[in-house]
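Please read the structure below before turning to the comments.
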Amino acid sequence: MKIGIIGTGAIGGLMLGYLSEKEHEILCTGRPYQVTSFLKDGLVIEGVRGPRQITGIKIATSLKEKVDLAILAVKTQDLEEVIGENKSALKNAILVATQNGVKAEHILAGHFKKKDIVTAIVMFGSTFIPPNRIVHNFEGEVVLGSIFKEAGDDTLPTVKSLLQGPFDCFIFPDIQGAKYLKIFVNLNNCIPACLGVPMQEAFTDIPVCRAAVGLIREAYAAVSSARIELQSLPSFNKEKVLGFVNSGFDDAASLFSKIMAVLSKEPLYGSILQSIQRKKRTEIDYINGQIVELARQHAQEAPLNEKVTEMVHRVETTGRFFSKENFLKEVAPLAEKYR
């Protein structure tokens, strides 16, 4: 198969590196500064599987040929742009959407056939260090499905056969509940983005972890009001969310801190802070902002998630991070309502 990978940051870059070891022709896209570096020095991957360097990469700022299957590994807010730049190359291809949140597939459906759109929930952790380095922080599966339930009989198995090997890969018949569970996985990326520090540093502080628990409890209330049934992922059971919802507030904060402290040996920044570091728009509106929207749709409020969404936008605009004290001054009173 001729494979296209659109976006070679943390997700797309790691997929490019590992899929390059299989016998497929791979074309990929990147920003101009990436193209120059990838062509000259290749892609360097470090982390849990050890170091490797991939050379001979076919990369440009847009796809120059039609592909059979395309992995879209840009943020949701960048989808319209890359669709416009690559639409002719993507015609009749299987399209694999790796974005967080629940909006990406609907954006794609405005341009392509629903039967060709595959959801991929990515559970591994990686960090893009410009211009050509990826740190693979921790392992995790890729879960596939079709939110429109119109995929051809062989579409999902075709994508699974491509990704299986480099990643543990699963097909879920009903993937919508799993997509909402993934929002909970990413829900607290907003906190290191506000503070400008790695997750391990942000979540050593128990008051900060209380804010994290508050975000989870508020999001669960919104999901419950919408009658969305969360669906467990292989490496993240929905019972973990319920544990933070139902246990004592301080106990939940302490547990959250312990989990985050050992998540990765390398500093883990999260997708939102990585975007800020590169002076790019973040996906906050599709994670915490999605919880706010969901709550409003069902006559509820989500003031804590609304607050952190607004604070991340402030960091985007000003380039200045919050001190821990100023962050807690704004969020702690809202979080305490979920004690």
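Chain labels A, B, ... are given in the sequence in which chains occur in the structure tokens; within each chain residues are numbered consecutively from 1, and ligands are likewise numbered from 1 in the order shown.
Look at A:Leu263: the protein and nucleic acid residues within 12 Å of it, using only C-alpha atoms and passing over chain neighbours fewer than 4 places away, are A:Val48, A:Phe124, A:Gly125, A:Ser126, A:Asn137, A:Phe138, A:Glu139, A:Gly140, A:Pro198, A:Met199, A:Gln200, A:Glu201, A:Phe203, A:Phe256, A:Ser257, A:Lys258, A:Ile259, A:Pro267, A:Leu268, A:Tyr269, A:Gly270.
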Please report, as a tab-separated table, each residue of stretch 139-244 of chain A lying at most 7 Å from stretch 299-314 of chain A, together with the nearest pair of atoms and the separation in Å rounded to one decimal; use only C-alpha atoms, and order rows by chain and ascending residue number.
residue	atom	partner	partner_atom	distance
A:Cys190	CA	A:Val308	CA	6.7
A:Ala193	CA	A:Val312	CA	6.7
A:Cys194	CA	A:Val312	CA	5.8
A:Leu215	CA	A:Asn305	CA	6.1
A:Glu218	CA	A:Ala302	CA	6.2
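As for atom CA of A:Ile191 and atom CA of A:Arg339, they are spaced 18.7 Å apart.
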- Query: Hey, can you check how far atom CA of A:Lys115 sits from atom CA of A:Arg227?
  - Reply: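 Rounded to one decimal, the two atoms are 26.3 Å apart.
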- Task: Could you tell me how far atom CA of A:Leu273 lies from atom CA of A:Val197, in Å and to one decimal?
- Result: 8.3 Å
- Item | Of the listed residues A:Lys75, A:Val142, A:Met260, A:Pro32, that which approaches A:Thr282 most closely, counting only C-alpha atoms |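 Ranking A:Lys75, A:Val142, A:Met260, A:Pro32 by distance to A:Thr282, first place goes to A:Lys75.
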- Task: Kindly indicate which residue among A:Ile183, A:Thr55, A:Ala212, A:Leu233 lies nearest to A:Phe170, using only C-alpha atoms for the distances.
- Result: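 The closest residue to A:Phe170 is A:Leu233.
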- as a list in words, which residues of stretch 51-81 of chain A does DSSP assign to helix (DSSP H, G or I)?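 Residues meeting the helix (DSSP H, G or I) criterion: Thr76, Gln77, Asp78, Leu79, Glu80 and Glu81 of chain A.
Distance annotation: of A:Ile171, A:Leu19, A:Ala89, A:Ile11, the residue with the minimal separation from A:Lys64 is A:Ala89; atom set is only C-alpha atoms.
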Show me, as JSON lines, the residues of stretch 152-193 of chain A having an atom within 10 Å of stretch 237-240 of chain A, each with the closest atom pair and its distance in Å, using only C-alpha atoms.
{"residue": "A:Gly177", "atom": "CA", "partner": "A:Lys238", "partner_atom": "CA", "distance": 9.9}
{"residue": "A:Ala178", "atom": "CA", "partner": "A:Lys238", "partner_atom": "CA", "distance": 9.0}
{"residue": "A:Leu181", "atom": "CA", "partner": "A:Lys238", "partner_atom": "CA", "distance": 6.9}
{"residue": "A:Lys182", "atom": "CA", "partner": "A:Lys238", "partner_atom": "CA", "distance": 9.8}
{"residue": "A:Phe184", "atom": "CA", "partner": "A:Lys238", "partner_atom": "CA", "distance": 9.3}
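If you measure from each of A:Asp78, A:Ser62, A:Ile228, A:Ser146 to A:Leu95 using only C-alpha atoms, the closest one turns out to be A:Ser146.
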- Message: Quick one: residues within 7 Å of A:Thr8, only C-alpha atoms, excluding same-chain residues fewer than 3 positions away - as a list in words?
- Response: Ile11, Gly12, Gly13, Thr29 and Gly30 of chain A
Would you save the residues from that selection as a compact mmCIF listing (two decimals), in the first residue's frame, using N, CA and C atoms?
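Writing done, so here's result-v2.txt:
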# COMPACT_ATOMS: atom_id res chain seq x y z
N ILE A 11 2.67 12.25 17.29
CA ILE A 11 1.96 11.04 16.89
C ILE A 11 2.39 10.59 15.50
N GLY A 12 2.30 11.49 14.53
CA GLY A 12 2.65 11.13 13.16
C GLY A 12 4.10 10.75 13.00
N GLY A 13 4.98 11.45 13.71
CA GLY A 13 6.41 11.14 13.61
C GLY A 13 6.73 9.76 14.15
N THR A 29 4.04 14.47 5.30
CA THR A 29 4.09 15.92 5.21
C THR A 29 4.59 16.50 6.52
N GLY A 30 5.17 17.68 6.43
CA GLY A 30 5.63 18.39 7.60
C GLY A 30 5.75 19.87 7.31
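Using only C-alpha atoms, the protein and nucleic acid residues lying no more than 9 Å from A:Val67, apart from those fewer than 3 places from it along its own chain, are Met1, Lys2, Ile3, Gly4, Ile26, Leu27, Leu63, Ala70, Ala89, Leu90, Lys91, Asn92, Ala93 and Ile94 of chain A.
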- Query: stretch 69-298 of chain A: which residues are strand (DSSP E) by DSSP, as a ChimeraX atom specification?
  - Reply: /A:69-72,94-97,117-122,125-129,133-138,142-145,169-171
- Of the listed residues A:Asn188, A:Gln99, A:Gln164, A:Thr61, that which approaches A:Asn86 most closely, counting only C-alpha atoms: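 Closest to A:Asn86 of all the choices is A:Thr61.
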- Message: Which residue is closest to A:Asn132? Choose from A:Phe244, A:Tyr338, A:Tyr286, A:Phe38 and count only C-alpha atoms.
- Response: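 Result for the nearest residue to A:Asn132: A:Phe38.
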